[in-house]
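Participant: One file: data_17.cif (mmCIF, C-alpha atoms).
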data_input
loop_
_atom_site.label_atom_id
_atom_site.label_comp_id
_atom_site.auth_asym_id
_atom_site.auth_seq_id
_atom_site.Cartn_x
_atom_site.Cartn_y
_atom_site.Cartn_z
CA MET T 1 68.03 110.94 128.60
CA VAL T 2 68.39 114.71 128.89
CA SER T 3 67.98 116.48 125.57
CA GLU T 4 70.74 118.78 124.38
CA ASP T 5 68.48 121.83 124.77
CA ASN T 6 67.59 120.87 128.35
CA LEU T 7 71.21 120.21 129.19
CA PHE T 8 72.26 123.53 127.67
CA GLU T 9 69.55 125.35 129.63
CA LYS T 10 70.67 123.71 132.89
CA LEU T 11 74.31 124.62 132.28
CA ARG T 12 73.36 128.14 131.19
CA VAL T 13 71.43 128.71 134.43
CA GLU T 14 74.43 127.44 136.44
CA LEU T 15 76.78 129.71 134.50
CA ARG T 16 74.61 132.78 135.04
CA ARG T 17 73.89 132.04 138.70
CA GLY T 18 77.48 132.82 139.66
CA SER T 19 77.29 136.24 138.02
CA LEU T 20 74.06 137.41 139.64
CA VAL T 21 75.59 138.62 142.90
CA LEU T 22 78.05 140.72 140.92
CA ALA T 23 75.20 142.09 138.78
CA VAL T 24 73.08 142.97 141.83
CA LEU T 25 75.97 144.66 143.62
CA ALA T 26 76.88 146.61 140.48
CA ALA T 27 73.28 147.75 139.91
CA LEU T 28 72.99 148.90 143.53
CA ARG T 29 75.85 151.38 143.36
CA GLU T 30 72.91 153.72 143.12
CA GLU T 31 69.96 153.35 145.46
CA ARG T 32 67.09 151.31 144.01
CA TYR T 33 63.74 149.89 144.92
CA GLY T 34 63.67 146.05 144.75
CA TYR T 35 61.12 145.88 141.95
CA THR T 36 62.96 148.49 139.88
CA LEU T 37 66.20 146.57 140.39
CA ARG T 38 64.62 143.45 138.96
CA ASN T 39 63.45 145.38 135.87
CA ILE T 40 66.87 146.96 135.38
CA LEU T 41 68.57 143.55 135.55
CA GLU T 42 66.08 142.17 133.04
CA GLU T 43 66.64 145.07 130.67
CA ALA T 44 70.40 144.49 131.00
CA GLY T 45 69.87 140.90 129.84
CA LEU T 46 70.15 139.30 133.29
CA PRO T 47 66.59 138.33 134.24
CA ILE T 48 66.32 136.84 137.71
CA GLU T 49 63.34 135.17 139.35
CA GLU T 50 61.71 137.49 141.85
CA GLY T 51 61.41 134.63 144.31
CA ALA T 52 65.21 134.39 144.22
CA LEU T 53 66.16 138.08 143.92
CA TYR T 54 64.48 139.41 147.05
CA PRO T 55 65.86 136.73 149.39
CA LEU T 56 69.28 137.41 147.79
CA LEU T 57 68.95 141.12 148.67
CA ARG T 58 68.20 140.19 152.29
CA ARG T 59 71.16 137.81 152.41
CA LEU T 60 73.55 140.43 151.00
CA GLU T 61 72.21 142.93 153.52
CA ALA T 62 72.74 140.43 156.37
CA GLN T 63 76.33 140.02 155.11
CA GLY T 64 76.83 143.76 155.40
CA LEU T 65 77.20 144.36 151.66
CA LEU T 66 73.94 146.32 151.28
CA THR T 67 72.00 148.79 153.37
CA SER T 68 68.26 149.31 153.12
CA GLU T 69 65.51 151.57 154.37
CA TRP T 70 61.73 151.84 154.12
CA ARG T 71 60.48 155.00 152.49
CA GLU T 72 57.03 156.37 151.62
CA GLU T 73 56.47 156.66 147.86
CA GLY T 74 52.73 156.34 147.47
CA ARG T 75 53.04 153.36 149.81
CA SER T 76 55.94 152.01 151.90
CA LYS T 77 58.78 150.75 149.69
CA ARG T 78 62.10 149.24 150.68
CA PHE T 79 65.17 150.76 149.00
CA TYR T 80 68.58 149.13 148.80
CA ARG T 81 72.06 150.46 148.08
CA LEU T 82 75.65 149.28 148.26
CA SER T 83 77.37 149.70 151.65
CA THR T 84 81.04 150.70 152.04
CA ASP T 85 81.97 147.04 152.60
CA GLY T 86 79.82 146.11 149.59
CA ALA T 87 81.72 148.60 147.40
CA ALA T 88 85.04 147.05 148.43
CA ILE T 89 83.79 143.54 147.72
CA LEU T 90 82.31 144.67 144.39
CA ALA T 91 85.70 146.07 143.31
CA ARG T 92 87.40 142.75 144.14
CA LEU T 93 84.68 140.68 142.48
CA HIS T 94 84.85 142.89 139.40
CA ALA T 95 88.61 142.30 139.12
CA GLU T 96 88.04 138.57 139.59
CA TRP T 97 85.33 138.57 136.94
CA ALA T 98 87.65 140.35 134.49
CA ALA T 99 90.40 137.82 135.20
CA ILE T 100 88.03 134.88 134.68
CA GLY T 101 86.77 136.43 131.45
CA ALA T 102 90.31 136.96 130.18
CA SER T 103 91.33 133.40 131.10
CA LEU T 104 88.28 131.93 129.40
CA ASP T 105 88.87 134.08 126.32
CA ARG T 106 92.42 132.78 126.10
CA LEU T 107 91.28 129.19 126.49
CA LEU T 108 88.40 129.52 124.05
CA THR T 109 90.50 131.34 121.46
CA LYS T 110 93.23 128.71 121.78
CA ASP T 111 90.71 125.88 121.44
CA ALA T 112 89.16 127.54 118.41
CA LYS T 113 92.50 127.50 116.54
CA PRO T 114 92.98 124.48 114.28
CA MET H 1 41.04 138.76 152.03
CA ASN H 2 42.14 138.84 148.37
CA LEU H 3 44.37 136.34 146.60
CA VAL H 4 47.58 138.37 147.08
CA ASP H 5 46.93 138.66 150.84
CA ARG H 6 46.35 134.91 151.05
CA TYR H 7 49.54 134.28 149.07
CA VAL H 8 51.65 136.57 151.29
CA ALA H 9 50.07 135.11 154.45
CA SER H 10 50.99 131.66 153.20
CA ILE H 11 54.62 132.72 152.72
CA ARG H 12 54.66 134.54 156.06
CA ARG H 13 53.71 131.38 157.97
CA ASN H 14 56.99 129.79 156.85
CA LEU H 15 59.31 132.76 157.26
CA PRO H 16 61.89 133.09 160.06
CA GLY H 17 59.92 134.49 163.02
CA ASP H 18 62.03 137.56 163.79
CA ARG H 19 61.90 138.95 160.22
CA ALA H 20 58.56 137.57 159.08
CA GLU H 21 56.52 140.77 159.29
CA ASP H 22 59.16 142.91 157.58
CA ILE H 23 59.65 140.45 154.71
CA ALA H 24 55.91 139.97 154.28
CA ALA H 25 55.41 143.74 154.05
CA GLU H 26 58.10 144.00 151.37
CA LEU H 27 56.65 141.08 149.38
CA ARG H 28 53.17 142.59 149.55
CA ASP H 29 54.51 145.85 148.13
CA LEU H 30 56.60 144.13 145.42
CA LEU H 31 53.61 142.11 144.26
CA ALA H 32 51.48 145.24 144.22
CA SER H 33 54.10 146.93 142.02
CA ARG H 34 54.18 143.95 139.67
CA ILE H 35 50.38 143.90 139.37
CA GLU H 36 50.24 147.68 138.82
CA ASP H 37 52.77 147.30 136.00
CA ARG H 38 50.73 144.56 134.35
CA GLU H 39 47.52 146.59 134.75
CA ALA H 40 49.20 149.65 133.27
CA ALA H 41 50.35 147.57 130.27
CA LEU H 42 46.85 146.11 129.74
CA ASP H 43 45.08 149.35 130.68
CA ARG H 44 42.61 147.43 132.84
CA PRO H 45 42.53 145.59 136.19
CA LEU H 46 43.85 142.01 136.19
CA ASN H 47 41.26 139.27 136.35
CA GLY H 48 41.53 136.29 138.71
CA ASP H 49 43.46 134.06 136.30
CA GLU H 50 45.94 136.82 135.46
CA THR H 51 46.56 137.47 139.16
CA LYS H 52 47.07 133.75 139.68
CA ALA H 53 49.61 133.77 136.82
CA VAL H 54 51.56 136.59 138.50
CA LEU H 55 51.66 134.67 141.78
CA ARG H 56 52.59 131.40 140.08
CA ASP H 57 55.41 133.23 138.32
CA PHE H 58 56.63 134.62 141.66
CA GLY H 59 56.99 131.12 143.08
CA HIS H 60 55.39 128.55 145.36
CA PRO H 61 54.94 130.01 148.87
CA LEU H 62 57.03 127.26 150.49
CA VAL H 63 59.89 127.75 148.02
CA VAL H 64 59.85 131.54 148.33
CA ALA H 65 59.78 131.34 152.14
CA ALA H 66 62.56 128.73 152.22
CA ARG H 67 64.87 131.04 150.28
CA TYR H 68 64.78 133.47 153.19
CA ARG H 69 66.08 130.82 155.58
CA LYS H 70 69.76 130.48 156.41
CA GLN H 71 69.59 126.69 156.17
CA GLN H 72 68.83 125.74 152.56
CA TRP H 73 69.34 121.99 152.95
CA LEU H 74 69.30 119.27 155.61
CA ILE H 75 72.53 117.61 154.51
CA GLY H 76 74.73 119.59 152.13
CA PRO H 77 77.11 118.39 149.41
CA ASP H 78 80.17 118.42 151.73
CA VAL H 79 78.52 116.27 154.39
CA PHE H 80 76.64 114.00 151.98
CA PRO H 81 79.56 111.67 151.05
CA PHE H 82 80.23 110.99 154.75
CA TYR H 83 76.51 110.46 155.39
CA LEU H 84 76.22 108.04 152.48
CA SER H 85 79.30 106.11 153.56
CA VAL H 86 78.05 105.68 157.15
CA LEU H 87 74.56 104.80 155.93
CA ARG H 88 75.95 102.06 153.68
CA ILE H 89 77.95 100.58 156.55
CA VAL H 90 74.95 100.65 158.91
CA LEU H 91 72.71 99.02 156.31
CA ALA H 92 75.37 96.39 155.55
CA ILE H 93 75.57 95.52 159.27
CA LEU H 94 71.77 95.32 159.44
CA ALA H 95 71.72 92.97 156.46
CA LEU H 96 74.32 90.81 158.21
CA VAL H 97 72.20 90.74 161.40
CA PHE H 98 69.20 89.81 159.24
CA VAL H 99 71.06 86.80 157.84
CA VAL H 100 72.28 85.70 161.31
CA VAL H 101 68.81 86.02 162.89
CA ALA H 102 67.22 84.12 160.01
CA ALA H 103 69.88 81.40 160.28
CA VAL H 104 69.40 81.07 164.07
CA ASN H 105 65.63 80.82 163.67
CA LEU H 106 66.09 78.25 160.96
CA LEU H 107 68.64 76.12 162.82
CA PHE H 108 67.56 76.36 166.46
CA HIS H 109 63.86 77.18 166.35
CA GLY H 110 63.00 74.74 163.61
CA ASP H 111 61.33 77.44 161.55
CA HIS H 112 60.57 76.92 157.89
CA LEU H 113 62.88 78.83 155.58
CA LEU H 114 60.18 81.27 154.43
CA ARG H 115 58.88 81.87 157.97
CA ALA H 116 62.43 82.45 159.27
CA LEU H 117 63.12 84.93 156.46
CA ALA H 118 59.79 86.70 156.93
CA GLY H 119 60.33 87.00 160.71
CA ALA H 120 63.82 88.42 160.30
CA LEU H 121 62.68 90.72 157.48
CA GLY H 122 59.95 92.23 159.67
CA GLY H 123 62.50 93.14 162.33
CA LEU H 124 64.98 94.28 159.71
CA TRP H 125 62.52 96.75 158.20
CA MET H 126 61.85 98.52 161.51
CA SER H 127 65.55 98.45 162.44
CA ALA H 128 66.48 99.89 159.04
CA LEU H 129 63.95 102.71 159.41
CA ILE H 130 65.11 103.57 162.93
CA ASN H 131 68.80 103.39 162.04
CA VAL H 132 68.45 105.44 158.85
CA ALA H 133 66.50 108.03 160.84
CA ASN H 134 69.14 108.10 163.59
CA VAL H 135 72.05 108.42 161.15
CA THR H 136 70.18 111.17 159.28
CA ILE H 137 69.51 113.11 162.49
CA VAL H 138 73.17 112.85 163.52
CA PHE H 139 74.32 114.15 160.13
CA VAL H 140 71.75 116.96 160.11
CA ILE H 141 73.23 118.06 163.46
CA LEU H 142 76.77 117.72 162.06
CA GLU H 143 75.74 119.84 159.05
CA ARG H 144 74.48 122.54 161.38
CA MET H 145 77.70 122.37 163.42
CA GLY H 146 79.86 122.96 160.36
CA PHE H 147 81.18 119.43 159.88
CA PRO H 148 83.20 118.45 157.91
CA ALA H 149 84.94 121.79 157.20
CA ASP H 150 87.44 121.18 160.01
CA HIS H 151 88.02 117.55 159.05
CA LEU H 152 88.48 118.41 155.36
CA ARG H 153 91.05 121.05 156.30
CA LYS H 154 93.02 118.83 158.66
CA TRP H 155 92.76 115.29 157.30
CA ASP H 156 96.12 113.65 156.84
CA PRO H 157 96.82 112.02 153.44
CA GLY H 158 99.70 110.22 155.15
CA GLN H 159 97.14 108.10 157.01
CA LEU H 160 95.73 106.61 153.80
CA ALA H 161 96.33 102.88 153.48
CA ASP H 162 99.13 101.56 151.30
CA VAL H 163 97.96 100.35 147.91
CA LYS H 164 100.10 97.23 148.37
CA ASP H 165 98.61 96.53 151.80
CA LYS H 166 96.20 93.67 151.29
CA GLN H 167 94.07 94.74 154.18
CA PRO H 168 90.33 94.94 154.64
CA GLY H 169 88.58 98.06 153.40
CA PRO H 170 86.85 100.55 155.68
CA TRP H 171 83.54 98.69 155.37
CA GLU H 172 85.03 95.45 156.56
CA SER H 173 86.74 97.23 159.46
CA ALA H 174 83.49 98.99 160.36
CA ILE H 175 81.57 95.71 160.33
CA GLU H 176 84.26 94.09 162.50
CA VAL H 177 84.08 97.01 164.95
CA ALA H 178 80.27 96.83 165.07
CA LEU H 179 80.28 93.07 165.61
CA GLY H 180 83.01 93.41 168.25
CA ILE H 181 81.00 96.01 170.16
CA ALA H 182 77.82 93.94 169.81
CA PHE H 183 79.61 90.84 171.13
CA LEU H 184 81.10 92.73 174.10
CA LEU H 185 77.71 94.20 175.00
CA TRP H 186 76.17 90.71 174.90
CA TRP H 187 79.08 89.01 176.68
CA THR H 188 79.03 91.52 179.55
CA GLY H 189 75.25 91.16 179.84
CA LEU H 190 74.50 94.78 178.91
CA VAL H 191 72.21 93.65 176.10
CA HIS H 192 70.33 90.40 175.62
CA LEU H 193 69.60 88.61 172.39
CA PRO H 194 65.97 88.96 171.30
CA PHE H 195 65.77 85.16 170.99
CA GLY H 196 66.76 82.27 173.25
CA ALA H 197 68.75 79.29 172.04
CA GLY H 198 66.68 76.17 171.93
CA GLY H 199 63.27 74.97 170.94
CA PRO H 200 59.82 74.59 172.43
CA SER H 201 60.79 71.51 174.49
CA PHE H 202 64.42 72.25 175.32
CA ARG H 203 66.93 75.06 175.73
CA ILE H 204 70.63 75.23 175.02
CA GLU H 205 73.03 76.62 177.62
CA PRO H 206 76.77 77.24 177.35
CA ALA H 207 79.10 74.80 179.13
CA PRO H 208 80.98 75.92 182.30
CA ILE H 209 84.22 76.35 180.27
CA PHE H 210 82.84 79.66 178.95
CA THR H 211 82.25 80.94 182.49
CA GLN H 212 85.81 79.91 183.45
CA LEU H 213 87.23 81.71 180.41
CA TYR H 214 85.00 84.79 180.80
CA TRP H 215 87.85 87.29 181.27
CA PRO H 216 90.28 85.84 178.69
CA ILE H 217 87.50 85.87 176.05
CA LEU H 218 86.50 89.42 177.02
CA THR H 219 90.13 90.56 176.77
CA LEU H 220 90.65 88.84 173.42
CA VAL H 221 87.53 90.37 171.84
CA ALA H 222 88.42 93.81 173.25
CA ALA H 223 91.92 93.48 171.73
CA ARG H 224 90.41 92.45 168.37
CA LEU H 225 88.19 95.53 168.60
CA VAL H 226 91.27 97.72 169.08
CA HIS H 227 92.85 95.97 166.07
CA SER H 228 89.78 96.67 163.90
CA LEU H 229 89.71 100.30 165.04
CA ILE H 230 93.38 100.78 164.11
CA GLN H 231 92.71 99.06 160.79
CA GLY H 232 89.81 101.36 159.98
CA LEU H 233 90.98 104.66 161.44
CA ARG H 234 94.77 104.51 161.35
CA PRO H 235 95.77 102.02 158.62
CA ARG H 236 99.31 103.45 158.52
CA TRP H 237 99.99 102.34 162.08
CA TRP H 238 100.91 98.98 160.60
CA ARG H 239 103.44 98.01 163.29
CA LEU H 240 100.90 98.37 166.11
CA ARG H 241 98.20 96.80 163.95
CA MET H 242 100.34 93.78 163.16
CA LEU H 243 101.50 93.47 166.78
CA VAL H 244 97.93 93.49 168.10
CA GLY H 245 96.87 91.23 165.22
CA ALA H 246 99.61 88.70 165.98
CA ALA H 247 98.96 88.81 169.74
CA THR H 248 95.22 88.28 169.29
CA ALA H 249 95.79 85.52 166.73
CA VAL H 250 98.12 83.62 169.07
CA GLY H 251 95.83 84.33 172.04
CA GLY H 252 92.80 83.24 170.03
CA ILE H 253 94.40 79.94 169.05
CA ALA H 254 95.48 79.32 172.67
CA LEU H 255 91.93 80.05 173.86
CA LEU H 256 90.49 77.73 171.24
CA ALA H 257 92.84 75.00 172.47
CA LEU H 258 91.62 75.49 176.06
CA ILE H 259 88.01 75.51 174.91
CA TYR H 260 88.56 72.39 172.80
CA ARG H 261 90.10 70.52 175.76
CA ALA H 262 86.90 71.06 177.75
CA GLY H 263 85.24 68.48 175.48
CA ARG H 264 81.74 69.84 175.99
CA TRP H 265 80.58 73.28 174.93
CA ALA H 266 76.79 73.18 174.92
CA ILE H 267 74.33 71.66 177.34
CA VAL H 268 70.84 70.71 176.23
CA VAL H 269 68.39 71.21 179.10
CA PRO H 270 65.15 69.29 178.42
CA ASN H 271 61.94 71.14 179.01
CA GLY H 272 59.41 68.47 178.12
CA MET H 273 61.78 66.61 175.79
CA PRO H 274 62.64 63.02 176.79
CA ALA H 275 66.07 62.80 178.50
CA ASP H 276 67.51 60.33 175.96
CA LYS H 277 66.51 62.58 173.09
CA ALA H 278 68.09 65.57 174.89
CA ALA H 279 71.33 63.60 175.41
CA GLU H 280 71.34 62.61 171.75
CA LEU H 281 70.80 66.22 170.66
CA GLN H 282 73.55 67.40 173.02
CA ASN H 283 76.01 64.86 171.58
CA SER H 284 75.20 65.90 168.01
CA LEU H 285 75.50 69.56 168.90
CA ASN H 286 78.85 69.09 170.61
CA LEU H 287 80.14 67.02 167.71
CA SER H 288 79.24 69.87 165.33
CA LEU H 289 80.88 72.37 167.67
CA SER H 290 84.06 70.30 167.94
CA ILE H 291 84.34 70.28 164.12
CA ALA H 292 83.64 74.05 164.04
CA ILE H 293 86.35 74.70 166.68
CA VAL H 294 88.91 72.66 164.73
CA VAL H 295 88.03 74.45 161.47
CA ILE H 296 88.26 77.87 163.14
CA ALA H 297 91.60 76.91 164.70
CA ILE H 298 92.98 75.87 161.29
CA VAL H 299 91.73 79.08 159.62
CA TRP H 300 93.16 81.26 162.39
CA SER H 301 96.48 79.40 162.28
CA VAL H 302 96.76 79.88 158.51
CA GLN H 303 95.85 83.57 158.86
CA CYS H 304 98.39 83.94 161.66
CA LEU H 305 101.16 82.33 159.62
CA LEU H 306 100.27 84.44 156.57
CA GLY H 307 100.37 87.54 158.74
CA PHE H 308 103.83 86.68 160.06
CA TYR H 309 105.01 85.90 156.52
CA ARG H 310 103.79 89.29 155.25
CA LEU H 311 105.45 91.02 158.19
CA TRP H 312 108.73 89.23 157.45
CA ARG H 313 108.50 90.00 153.69
CA ARG H 314 107.68 93.64 154.31
CA GLY H 315 110.62 94.04 156.68
CA ARG H 316 112.95 92.26 154.27
CA PHE H 317 111.99 93.70 150.88
CA GLN H 318 110.41 97.07 151.51
CA PRO H 319 111.67 100.23 153.12
CA ILE H 320 109.66 100.63 156.30
CA PRO H 321 107.57 103.77 156.06
CA ALA H 322 107.71 106.30 158.83
#
Rewrite the coordinates I just gave you, this time as structure tokens.
Facilitator:
Amino acid sequence: MVSEDNLFEKLRVELRRGSLVLAVLAALREERYGYTLRNILEEAGLPIEEGALYPLLRRLEAQGLLTSEWREEGRSKRFYRLSTDGAAILARLHAEWAAIGASLDRLLTKDAKP
Amino acid sequence: MNLVDRYVASIRRNLPGDRAEDIAAELRDLLASRIEDREAALDRPLNGDETKAVLRDFGHPLVVAARYRKQQWLIGPDVFPFYLSVLRIVLAILALVFVVVAAVNLLFHGDHLLRALAGALGGLWMSALINVANVTIVFVILERMGFPADHLRKWDPGQLADVKDKQPGPWESAIEVALGIAFLLWWTGLVHLPFGAGGPSFRIEPAPIFTQLYWPILTLVAARLVHSLIQGLRPRWWRLRMLVGAATAVGGIALLALIYRAGRWAIVVPNGMPADKAAELQNSLNLSLSIAIVVIAIVWSVQCLLGFYRLWRRGRFQPIPA
């Protein structure tokens, strides 16, 4: 039997997983180094496993939503930023996110009423 | 080579070949940044256990490497229901074969019950493994090819069976199709049974009537196969299904009548057994077969009449669907 805390944690992870792409795209409107990006997301309250974040960056780059380049900063570091296509997708996802939030707010507020 | 190098090398071995070096270089740098941060916070170099903790936190090398691959699963959630359905049917057919083989060994080879079951179970285990592996490989390929996206987009709800249709489910149709194919393969000599009919001192051969009726039997079983395929794949084609069903039922009863008139259906050929014993066994066998033929004829006739009754009732009381 799954405890309530375990169940909540599982559902919470599922809920947050859908928002991570949006968070990554939003954070990369300005160019960032992968490790810095991870810290910024954590500070913003959206911690993401490193083993998941870096493959996600590669996948978004392969989809044409990000661009990247190696640069020397003490040692070679890979920097990522939003591409033009990525900016367009981010705008659409942001609108979708706002709509989902508004819908959920309506539902939750309605359910909260006696 | 330090622990971080060994960790990155371990990931690199499982990365996609064309990007492996680039990804490994990035991971090496990211881990170095993480360790530098920790060292800066502690104001001292990390010891072995602390470095291990950083790597453990980053993830198991196989898991990290797998996340860089396009294919994240062998059989995904869209394909899985189809895979499971086919697997169940295949395993159900295997179980049926297991029962038949055990029964044949028990009845014709004079095996003890436990020995017959054990013999059939041994074969069943290997067959199950091979068939599960084959079905899995086929569905892994289908997953890679994008199935069932196209099927899910195009499937026709109009082809779903009527709730009021008292017809066999997809499993039953699939088993009928499998048995039909198996029979045709055996009847045409393309495959041979792994066991011969008979015992250590005799063998059982079919009577000449079966050679004379080779083509009618082949045609009848092929038609039944078509009927089962329509039943399983196109249940809404009820007119064609009932037409083929009625034709095969009438044809089957007519064939049974011809077979029954032959009067002898199995020949016992002695191979060390005394001739009188062989004749006695042959008579007993043919008596059993004559009863079986009569029973089958009665069952088929009842089924045939019920089928015609349902057809008549459907035409009379229900609007005929398009």
Participant: From the set H:Pro148, H:Tyr68, H:Val295, H:Phe98, which residue has the shortest atom-to-atom contact distance to T:Leu60, counting all atoms listed in the file?
Facilitator: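 Counting all atoms listed in the file, the residue closest to T:Leu60 is H:Tyr68.
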Participant: Here's the selection I'm unsure about, the PyMOL selection byres ((chain T) within 10 of (chain H)); applied to the file above, which residues does it give, as an NGL selection string?
Facilitator: :T and (33-36 or 49-59 or 70 or 75-78)
Participant: Please evaluate the PyMOL selection byres ((chain H and resi 8) around 9) against the structure above and give the resulting residues as number ranges by chain.
Facilitator: H: 3-7, 9-13, 24-25, 27-28, 61
Participant: Have a look at atom CA of T:Glu42 and atom CA of T:Ala27 and let me know their distance in Å, one decimal.
Facilitator: 11.4 Å
Participant: Here's the selection I'm unsure about, the PyMOL selection byres ((chain H and resi 143) around 9); applied to the file above, which residues does it give, as a VMD selection string?
Facilitator: chain H and resid 74 to 76 78 to 79 138 to 142 144 to 148
Participant: So, counting all atoms listed in the file, which residue among T:Arg81, T:Lys110, T:Arg12, T:Arg32 is closest to T:Leu46?
Facilitator: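 The shortest atom-to-atom distance to T:Leu46 comes from T:Arg12.
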Participant: Using atom CA of H:Ala102 and atom CA of H:Leu255 as the two end points, give the distance in Å to one decimal.
Facilitator: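 We find that atom CA of H:Ala102 and atom CA of H:Leu255 lie 28.6 Å from each other.
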Participant: How far is it from atom CA of H:Ala278 to atom CA of H:Ile209, in Å with one decimal?
Facilitator: 20.1 Å
